[in-house]
2 protein chains.
Amino acid sequence: VTHITAIDRDAATRTASLAAGTADHAVPTLADAPPAPDDLLVLATPVRTILDTLAHLPVVVPNGCLVLDLGSTKSDICRAMEALPPRFAAIGGHPMCGREVSGFEAGSAELYRDQTFVLTPNARTTASLREAALTLLHNIGAQPLVMVPAEHDQSVALVSHLPYTLAALLMQHAYRSVRGEDHIWRISASGFRDTARLAGSDPNMMRDIMLTNRRPLLTQLRHFRRGLDEFITFLEQADETALFDWLADRQGNHAYYRQHKENGAS
Amino acid sequence: VTHITAIDRDAATRTASLAAGTADHAVPTLADAPPAPDDLLVLATPVRTILDTLAHLPVVVPNGCLVLDLGSTKSDICRAMEALPPRFAAIGGHPMCGREVSGFEAGSAELYRDQTFVLTPNARTTASLREAALTLLHNIGAQPLVMVPAEHDQSVALVSHLPYTLAALLMQHAYRSVRGEDHIWRISASGFRDTARLAGSDPNMMRDIMLTNRRPLLTQLRHFRRGLDEFITFLEQADETALFDWLADRQGNHAYYRQHKENGAS
């Protein structure tokens with residue numbers, strides 16, 4: 001029988017967790033219920049809070065334990081894991097099923113099903129912890145994908161942090177442009193809604209992501225800007241045939257992505 | 001009793017339309033069943049095909065008729081409507097419920113319900129046609145919004161054509177970056193899916209939109225590029241507090257948009 005202790009500084013979240021039956025006990029801080037050496041500590045906070053927790057772990061949990069994190073970037077976290085004393089075993093994790101809403105109420109037992117769950121083993125990862133992590137992923141229906149931390153971070157800069165930044169910049173630009181003429185929002189349809197959706201993301205989470213994955217994101221943004229520059233010049237020329245070909249190529253890229261996404265795990 | 005004639009050059013679409021009961025008759029071209037003076041001709045094709053149809057209308061329909069179009073841009077179309085002889089009455093229309101898929105099969109009787117439907121009256125719009133258009137919108141459950149063509153076109157450049165272009169550029173950039181390492185698509189989640197969704201749009205429709213709304217879209221793209229440039233400089237500085245404020249402002253903009261969108265008609 002698995003015993004689950006919820007650790008959350010917010011009393012309402014602790015109460016909600018107990019009421020929902022997702023935890024057997026709930027405490028405000030890790031120090032209130034330090035894990036035993038065979039316990040699995042799951043760190044599910046913004047990235048820099050995970051880094052802070054890992055830094056204090058040797059003092060708060062003197063006998064060591066097993067650690068899995070769910071942070072959105074992995075290089076800094078895995079480096080911090082590797083700095084833990086050998087009585088700890090630790091593995092990086094990142095479930096690819098974020099939502100633009102957060103908090104206990106946004107969770108669901110089905111959240112991970114059929115979704116890709118990246119694992120980033122590192123120098124502090126034992127064979128048995130790796131197996132335990134794979135079993136956990138199997139139990140929640142997630143599809144494991146093992147990656148090197150740096151490759152993970154470059155990839156999410158492309159498929160997650162760049163889309164977020166574009167959504168946020170679109171939202172900023174639209175808000176500034178519309179201001180005072182709110183009937184214009186009525187003209188916006190599902191296209192705007194979906195393209196701008198990520199702008200609603202939690203700023204605490206996004207700040208930590210951007211600060212710990214700044215260089216890969218800046219690289220993506222500079223590449224994107226180059227593509228935008230090229231397209232502006234291209235549209236200025238208004239070559240009808242070339243424009244159709246460009247648009248058809250994008251539709252083709254989208255079909256290719258959908259096909260490979262669906263053939264993949266999630 | 002309303003009699004509906006479907007006009008589509010594609011035989012399969014004509015057959016599907018008759019089988020679904022959405023039309024009483026189906027013909028390949030307008031010349032096969034020219035409307036009577038009191039008939040309402042609804043033009044639902046890419047924008048430049050609408051312009052072409054309007055140009056030929058005085059010859060194909062010598063006795064005149066009522067005209068409503070559903071094109072995505074309105075300035076060029078309303079100018080073409082105003083060039084019709086006075087035996088025609090015409091009004092511009094644009095239902096804000098596009099999908100990234102197209103064709104007869106993508107349609108639905110509920111497509112317009114509670115959605116904003118822009119009407120752009122012009123010099124060729126009679127009071128009785130305006131009333132008839134409002135009755136039609138009422139019957140399909142759409143929410144009318146009357147606009148001047150140029151204001152419509154500037155607004156959709158912002159809330160529709162800019163988001164499309166960003167989605168297409170994101171798709172292009174991601175496709176080029178991922179090529180050959182297709183496991184990276186597995187890491188992409190709902191954030192990428194939604195931000196890139198519009199890239200799947202029909203290239204015929206998008207070409208006509210971009211060619212007939214090129215200047216407003218270029219204006220939006222240049223403004224967006226300025227915002228992107230500013231953000232790159234901002235992120236290079238990595239000011240933690242300023243970054244949090246920026247991200248929180250974007251979340252606030254998004255909440256503002258959601259609120260005003262929901263308070264509006266659709």
# chains A, B, ... in the order shown; residues from 1 in each chain; ligands from 1
$ residues_around --residues "Val42 (chain B)" --least-positions-apart "4" --cutoff "9 Å" --atoms "only C-alpha atoms" --output "CSV table (one decimal) with C-alpha atoms, in the first residue's frame"
chain,number,residue,atom,x,y,z
B,66,LEU,CA,-29.8,40.5,-54.2
B,67,VAL,CA,-26.2,39.7,-53.2
B,68,LEU,CA,-24.6,38.8,-49.9
B,69,ASP,CA,-21.0,37.6,-49.7
B,70,LEU,CA,-19.1,35.7,-46.9
$ interface_residues --of "chain B" --to "chain A" --cutoff "6 Å" --atoms "only C-alpha atoms" --output "PyMOL selection string"
chain B and resi 96+159+168+185-186+188-189+192+194-195+199-200+203+207+244+247-248+250-251+254+261+264
$ write_last_selection --atoms "N, CA, C and O atoms" --output "compact mmCIF listing (two decimals), in the first residue's frame"
# COMPACT_ATOMS: atom_id res chain seq x y z
N MET B 96 -17.58 35.28 -38.34
CA MET B 96 -16.31 35.07 -37.63
C MET B 96 -16.28 33.67 -37.02
O MET B 96 -16.15 33.50 -35.81
N VAL B 159 -6.66 40.46 -35.57
CA VAL B 159 -7.13 39.33 -34.78
C VAL B 159 -7.21 38.02 -35.56
O VAL B 159 -7.49 36.97 -34.97
N ALA B 168 1.83 30.09 -39.07
CA ALA B 168 2.51 29.55 -40.25
C ALA B 168 4.03 29.67 -40.10
O ALA B 168 4.77 28.74 -40.44
N TRP B 185 8.71 15.85 -32.16
CA TRP B 185 7.26 16.14 -32.21
C TRP B 185 6.55 15.55 -30.99
O TRP B 185 5.53 16.07 -30.57
N ARG B 186 7.11 14.43 -30.47
CA ARG B 186 6.46 13.79 -29.31
C ARG B 186 6.50 14.69 -28.09
O ARG B 186 5.69 14.55 -27.17
N SER B 188 6.17 17.91 -28.21
CA SER B 188 5.22 19.02 -28.36
C SER B 188 3.89 18.61 -27.75
O SER B 188 3.47 17.47 -27.86
N ALA B 189 3.24 19.56 -27.08
CA ALA B 189 1.99 19.27 -26.39
C ALA B 189 0.89 20.19 -26.92
O ALA B 189 1.00 20.74 -28.02
N PHE B 192 1.85 23.83 -28.34
CA PHE B 192 2.29 23.92 -29.73
C PHE B 192 1.13 23.67 -30.68
O PHE B 192 0.95 24.40 -31.65
N ASP B 194 -2.06 24.17 -30.41
CA ASP B 194 -3.01 25.27 -30.55
C ASP B 194 -2.37 26.49 -31.21
O ASP B 194 -3.00 27.15 -32.04
N THR B 195 -1.12 26.78 -30.83
CA THR B 195 -0.46 27.96 -31.40
C THR B 195 -0.22 27.77 -32.90
O THR B 195 -0.26 28.74 -33.66
N ALA B 199 -1.90 27.17 -39.09
CA ALA B 199 -1.00 26.88 -40.23
C ALA B 199 -1.64 25.87 -41.18
O ALA B 199 -1.26 25.79 -42.34
N GLY B 200 -2.62 25.10 -40.70
CA GLY B 200 -3.29 24.11 -41.55
C GLY B 200 -4.35 24.72 -42.46
O GLY B 200 -5.01 24.00 -43.21
N PRO B 203 -4.63 27.09 -48.35
CA PRO B 203 -3.75 28.09 -48.98
C PRO B 203 -4.46 28.96 -50.03
O PRO B 203 -4.07 30.12 -50.23
N ARG B 207 -4.22 32.87 -49.53
CA ARG B 207 -3.58 33.70 -50.58
C ARG B 207 -4.48 34.89 -50.91
O ARG B 207 -4.02 36.03 -50.98
N PHE B 244 9.02 39.12 -14.46
CA PHE B 244 7.76 38.68 -13.83
C PHE B 244 6.63 39.65 -14.14
O PHE B 244 5.52 39.23 -14.50
N LEU B 247 5.39 39.19 -17.69
CA LEU B 247 4.61 37.97 -17.85
C LEU B 247 3.23 38.10 -17.19
O LEU B 247 2.22 37.65 -17.74
N ALA B 248 3.20 38.73 -16.02
CA ALA B 248 1.92 38.93 -15.32
C ALA B 248 1.01 39.87 -16.12
O ALA B 248 -0.21 39.68 -16.17
N ARG B 250 0.93 40.09 -19.35
CA ARG B 250 0.39 39.31 -20.48
C ARG B 250 -0.76 38.43 -20.00
O ARG B 250 -1.77 38.31 -20.68
N GLN B 251 -0.61 37.82 -18.81
CA GLN B 251 -1.71 37.03 -18.26
C GLN B 251 -2.93 37.93 -18.02
O GLN B 251 -4.07 37.53 -18.26
N HIS B 254 -4.63 38.71 -21.26
CA HIS B 254 -5.39 37.55 -21.71
C HIS B 254 -6.72 37.45 -20.95
O HIS B 254 -7.77 37.18 -21.56
N LYS B 261 -14.47 39.23 -24.55
CA LYS B 261 -14.96 38.33 -25.59
C LYS B 261 -16.25 37.65 -25.10
O LYS B 261 -17.23 37.57 -25.85
N GLY B 264 -19.16 39.96 -24.90
CA GLY B 264 -19.65 40.30 -26.23
C GLY B 264 -20.54 39.18 -26.75
O GLY B 264 -20.95 38.29 -26.01
$ atom_distance --atom1 "CA of Ala6 (chain A)" --atom2 "CA of Ala23 (chain A)"
5.7 Å
$ atom_distance --atom1 "CA of Thr120 (chain A)" --atom2 "CA of Asp52 (chain A)"
19.0 Å
$ closest_residue --among "A:Arg48, A:Arg14, A:Lys74, A:His25" --to "Gln154 (chain A)" --atoms "only C-alpha atoms"
A:Lys74
$ residues_around --residues "Arg79 (chain A)" --least-positions-apart "2" --cutoff "10 Å" --atoms "only C-alpha atoms" --output "MDAnalysis selection string"
chainID A and resid 51 74:77 81:84 122:124 149
$ write_last_selection --atoms "all heavy atoms" --output "mmCIF file, in the first residue's frame"
data_model
loop_
_atom_site.group_PDB
_atom_site.id
_atom_site.type_symbol
_atom_site.label_atom_id
_atom_site.label_comp_id
_atom_site.auth_asym_id
_atom_site.auth_seq_id
_atom_site.Cartn_x
_atom_site.Cartn_y
_atom_site.Cartn_z
ATOM 1 N N LEU A 51 14.964 24.065 -7.670
ATOM 2 C CA LEU A 51 16.413 24.270 -7.457
ATOM 3 C C LEU A 51 16.690 24.615 -6.000
ATOM 4 O O LEU A 51 17.651 24.115 -5.393
ATOM 5 C CB LEU A 51 16.931 25.389 -8.376
ATOM 6 C CG LEU A 51 16.922 25.076 -9.878
ATOM 7 C CD1 LEU A 51 17.291 26.316 -10.684
ATOM 8 C CD2 LEU A 51 17.879 23.923 -10.188
ATOM 9 N N LYS A 74 15.390 21.272 -17.677
ATOM 10 C CA LYS A 74 16.068 20.151 -17.032
ATOM 11 C C LYS A 74 17.567 20.332 -16.802
ATOM 12 O O LYS A 74 18.134 19.652 -15.944
ATOM 13 C CB LYS A 74 15.844 18.853 -17.840
ATOM 14 C CG LYS A 74 14.384 18.430 -17.959
ATOM 15 C CD LYS A 74 13.890 17.438 -16.904
ATOM 16 C CE LYS A 74 13.840 17.886 -15.489
ATOM 17 N NZ LYS A 74 12.677 18.678 -15.101
ATOM 18 N N SER A 75 18.242 21.218 -17.506
ATOM 19 C CA SER A 75 19.698 21.320 -17.358
ATOM 20 C C SER A 75 20.097 21.762 -15.953
ATOM 21 O O SER A 75 20.887 21.085 -15.279
ATOM 22 C CB SER A 75 20.272 22.299 -18.390
ATOM 23 O OG SER A 75 20.074 21.797 -19.691
ATOM 24 N N ASP A 76 19.555 22.882 -15.487
ATOM 25 C CA ASP A 76 19.897 23.385 -14.156
ATOM 26 C C ASP A 76 19.493 22.389 -13.074
ATOM 27 O O ASP A 76 20.235 22.160 -12.108
ATOM 28 C CB ASP A 76 19.206 24.736 -13.897
ATOM 29 C CG ASP A 76 19.851 25.874 -14.686
ATOM 30 O OD1 ASP A 76 20.785 25.602 -15.470
ATOM 31 O OD2 ASP A 76 19.415 27.025 -14.517
ATOM 32 N N ILE A 77 18.307 21.799 -13.230
ATOM 33 C CA ILE A 77 17.811 20.865 -12.222
ATOM 34 C C ILE A 77 18.687 19.619 -12.151
ATOM 35 O O ILE A 77 19.050 19.166 -11.054
ATOM 36 C CB ILE A 77 16.333 20.497 -12.501
ATOM 37 C CG1 ILE A 77 15.442 21.704 -12.148
ATOM 38 C CG2 ILE A 77 15.914 19.247 -11.731
ATOM 39 C CD1 ILE A 77 13.986 21.544 -12.518
ATOM 40 N N MET A 81 20.784 18.127 -9.092
ATOM 41 C CA MET A 81 20.649 16.736 -8.629
ATOM 42 C C MET A 81 22.026 16.088 -8.496
ATOM 43 O O MET A 81 22.307 15.365 -7.541
ATOM 44 C CB MET A 81 19.786 15.930 -9.609
ATOM 45 C CG MET A 81 18.284 16.233 -9.509
ATOM 46 S SD MET A 81 17.326 15.304 -10.733
ATOM 47 C CE MET A 81 15.641 15.613 -10.120
ATOM 48 N N GLU A 82 22.885 16.361 -9.466
ATOM 49 C CA GLU A 82 24.216 15.752 -9.462
ATOM 50 C C GLU A 82 25.086 16.291 -8.326
ATOM 51 O O GLU A 82 26.079 15.675 -7.950
ATOM 52 C CB GLU A 82 24.898 15.965 -10.824
ATOM 53 C CG GLU A 82 24.200 15.148 -11.910
ATOM 54 C CD GLU A 82 24.771 15.360 -13.319
ATOM 55 O OE1 GLU A 82 25.408 16.405 -13.549
ATOM 56 O OE2 GLU A 82 24.554 14.484 -14.162
ATOM 57 N N ALA A 83 24.691 17.433 -7.765
ATOM 58 C CA ALA A 83 25.423 18.003 -6.625
ATOM 59 C C ALA A 83 24.950 17.418 -5.294
ATOM 60 O O ALA A 83 25.523 17.729 -4.246
ATOM 61 C CB ALA A 83 25.263 19.526 -6.619
ATOM 62 N N LEU A 84 23.876 16.591 -5.321
ATOM 63 C CA LEU A 84 23.399 15.968 -4.079
ATOM 64 C C LEU A 84 24.393 14.916 -3.602
ATOM 65 O O LEU A 84 25.095 14.304 -4.416
ATOM 66 C CB LEU A 84 22.033 15.291 -4.313
ATOM 67 C CG LEU A 84 20.814 16.203 -4.514
ATOM 68 C CD1 LEU A 84 19.601 15.364 -4.981
ATOM 69 C CD2 LEU A 84 20.476 16.944 -3.223
ATOM 70 N N ASN A 122 20.651 11.176 -14.887
ATOM 71 C CA ASN A 122 21.899 11.927 -14.730
ATOM 72 C C ASN A 122 22.816 11.155 -13.787
ATOM 73 O O ASN A 122 22.500 10.019 -13.408
ATOM 74 C CB ASN A 122 21.583 13.333 -14.202
ATOM 75 C CG ASN A 122 20.717 13.291 -12.956
ATOM 76 O OD1 ASN A 122 21.207 12.930 -11.880
ATOM 77 N ND2 ASN A 122 19.430 13.615 -13.085
ATOM 78 N N ALA A 123 23.937 11.737 -13.385
ATOM 79 C CA ALA A 123 24.932 11.020 -12.578
ATOM 80 C C ALA A 123 24.368 10.552 -11.234
ATOM 81 O O ALA A 123 24.929 9.658 -10.598
ATOM 82 C CB ALA A 123 26.154 11.910 -12.339
ATOM 83 N N ARG A 124 23.268 11.133 -10.788
ATOM 84 C CA ARG A 124 22.678 10.749 -9.515
ATOM 85 C C ARG A 124 21.530 9.735 -9.687
ATOM 86 O O ARG A 124 20.833 9.405 -8.740
ATOM 87 C CB ARG A 124 22.180 12.028 -8.784
ATOM 88 C CG ARG A 124 21.874 11.917 -7.327
ATOM 89 C CD ARG A 124 22.918 11.229 -6.474
ATOM 90 N NE ARG A 124 24.098 12.022 -6.207
ATOM 91 C CZ ARG A 124 25.351 11.584 -6.432
ATOM 92 N NH1 ARG A 124 25.570 10.366 -6.894
ATOM 93 N NH2 ARG A 124 26.381 12.349 -6.171
ATOM 94 N N PRO A 149 19.476 16.166 -20.705
ATOM 95 C CA PRO A 149 18.885 17.450 -20.285
ATOM 96 C C PRO A 149 19.022 18.575 -21.311
ATOM 97 O O PRO A 149 18.047 19.284 -21.592
ATOM 98 C CB PRO A 149 19.649 17.773 -18.997
ATOM 99 C CG PRO A 149 20.000 16.443 -18.431
ATOM 100 C CD PRO A 149 20.270 15.561 -19.625
#
$ residues_around --residues "Phe88 (chain B)" --least-positions-apart "6" --cutoff "12 Å" --atoms "only C-alpha atoms" --output "CSV table (one decimal) with N, CA, C and O atoms, in the first residue's frame"
chain,number,residue,atom,x,y,z
B,35,PRO,N,-30.1,33.7,-60.8
B,35,PRO,CA,-31.2,34.1,-59.9
B,35,PRO,C,-32.2,35.1,-60.4
B,35,PRO,O,-31.8,35.9,-61.4
B,36,ALA,N,-33.4,35.1,-59.9
B,36,ALA,CA,-34.4,36.1,-60.3
B,36,ALA,C,-34.1,37.4,-59.5
B,36,ALA,O,-33.4,37.3,-58.5
B,37,PRO,N,-34.8,38.5,-59.9
B,37,PRO,CA,-34.4,39.8,-59.2
B,37,PRO,C,-34.7,39.7,-57.7
B,37,PRO,O,-34.0,40.4,-57.0
B,38,ASP,N,-35.6,38.9,-57.2
B,38,ASP,CA,-35.8,38.9,-55.7
B,38,ASP,C,-35.0,37.8,-55.0
B,38,ASP,O,-35.1,37.7,-53.8
B,39,ASP,N,-34.3,37.0,-55.8
B,39,ASP,CA,-33.5,36.0,-55.2
B,39,ASP,C,-32.2,36.5,-54.5
B,39,ASP,O,-31.7,37.5,-54.9
B,40,LEU,N,-31.8,35.9,-53.4
B,40,LEU,CA,-30.6,36.2,-52.7
B,40,LEU,C,-29.5,35.3,-53.1
B,40,LEU,O,-29.5,34.1,-52.9
B,41,LEU,N,-28.4,35.9,-53.7
B,41,LEU,CA,-27.3,35.1,-54.2
B,41,LEU,C,-26.2,35.3,-53.1
B,41,LEU,O,-25.8,36.4,-52.7
B,54,LEU,N,-18.4,38.9,-59.0
B,54,LEU,CA,-19.1,40.2,-59.0
B,54,LEU,C,-18.8,41.0,-60.3
B,54,LEU,O,-19.7,41.6,-60.9
B,57,LEU,N,-21.2,39.6,-62.9
B,57,LEU,CA,-22.6,39.5,-62.5
B,57,LEU,C,-23.5,40.2,-63.5
B,57,LEU,O,-24.6,39.6,-63.9
B,58,PRO,N,-23.2,41.4,-63.9
B,58,PRO,CA,-24.1,42.1,-64.8
B,58,PRO,C,-24.4,41.4,-66.1
B,58,PRO,O,-25.5,41.5,-66.7
B,61,VAL,N,-26.3,37.7,-64.8
B,61,VAL,CA,-27.6,38.0,-64.2
B,61,VAL,C,-28.1,39.3,-64.7
B,61,VAL,O,-28.1,40.3,-64.0
B,62,PRO,N,-28.6,39.4,-66.0
B,62,PRO,CA,-28.9,40.7,-66.6
B,62,PRO,C,-30.0,41.4,-65.9
B,62,PRO,O,-30.1,42.7,-66.0
B,63,ASN,N,-30.9,40.7,-65.2
B,63,ASN,CA,-32.1,41.4,-64.6
B,63,ASN,C,-31.7,41.8,-63.1
B,63,ASN,O,-32.6,42.4,-62.4
B,64,GLY,N,-30.5,41.5,-62.6
B,64,GLY,CA,-30.2,41.9,-61.3
B,64,GLY,C,-30.7,40.9,-60.2
B,64,GLY,O,-31.5,40.0,-60.5
B,65,CYS,N,-30.2,41.0,-59.0
B,65,CYS,CA,-30.6,40.2,-57.9
B,65,CYS,C,-30.1,40.8,-56.6
B,65,CYS,O,-29.5,41.9,-56.6
B,66,LEU,N,-30.3,40.1,-55.5
B,66,LEU,CA,-29.8,40.5,-54.2
B,66,LEU,C,-28.5,39.7,-54.0
B,66,LEU,O,-28.4,38.5,-54.3
B,67,VAL,N,-27.5,40.4,-53.4
B,67,VAL,CA,-26.2,39.7,-53.2
B,67,VAL,C,-25.7,39.9,-51.8
B,67,VAL,O,-25.7,41.0,-51.2
B,68,LEU,N,-25.3,38.8,-51.2
B,68,LEU,CA,-24.6,38.8,-49.9
B,68,LEU,C,-23.3,37.9,-50.1
B,68,LEU,O,-23.4,36.9,-50.7
B,80,ALA,N,-16.2,46.5,-55.3
B,80,ALA,CA,-16.8,45.8,-56.5
B,80,ALA,C,-18.3,45.8,-56.4
B,80,ALA,O,-19.0,45.8,-57.5
B,81,MET,N,-18.9,45.7,-55.2
B,81,MET,CA,-20.4,45.7,-55.1
B,81,MET,C,-20.9,47.1,-55.6
B,81,MET,O,-21.9,47.2,-56.2
B,82,GLU,N,-20.1,48.1,-55.2
B,82,GLU,CA,-20.6,49.5,-55.5
B,82,GLU,C,-20.4,49.8,-57.0
B,82,GLU,O,-21.1,50.7,-57.5
B,123,ALA,N,-22.6,51.5,-50.7
B,123,ALA,CA,-23.5,52.3,-51.5
B,123,ALA,C,-24.5,51.5,-52.3
B,123,ALA,O,-25.5,52.0,-52.7
B,124,ARG,N,-24.3,50.2,-52.4
B,124,ARG,CA,-25.2,49.3,-53.2
B,124,ARG,C,-26.2,48.6,-52.2
B,124,ARG,O,-27.0,47.7,-52.6
B,125,THR,N,-26.2,48.9,-50.9
B,125,THR,CA,-27.0,48.3,-49.9
B,125,THR,C,-28.3,49.0,-49.8
B,125,THR,O,-28.3,50.2,-49.3
B,126,THR,N,-29.5,48.4,-50.1
B,126,THR,CA,-30.8,48.9,-49.8
B,126,THR,C,-31.2,48.6,-48.4
B,126,THR,O,-30.7,47.7,-47.8
B,129,LEU,N,-32.6,45.1,-48.2
B,129,LEU,CA,-31.6,44.0,-48.2
B,129,LEU,C,-30.9,43.9,-46.9
B,129,LEU,O,-30.7,42.8,-46.3
$ select_by_dssp --residues "region 31-264 of chain A" --states "helix (DSSP H, G or I)" --output "PyMOL selection string"
chain A and resi 31-32+47-60+75-82+104-106+127-139+149-178+184-187+190-200+203-212+214-237+240-263
$ atom_distance --atom1 "CA of Thr5 (chain A)" --atom2 "CA of Pro28 (chain A)"
10.4 Å
$ closest_residue --among "B:Ile50, B:Ile7, B:Leu137, B:Ala127" --to "Arg113 (chain B)" --atoms "only C-alpha atoms"
B:Leu137
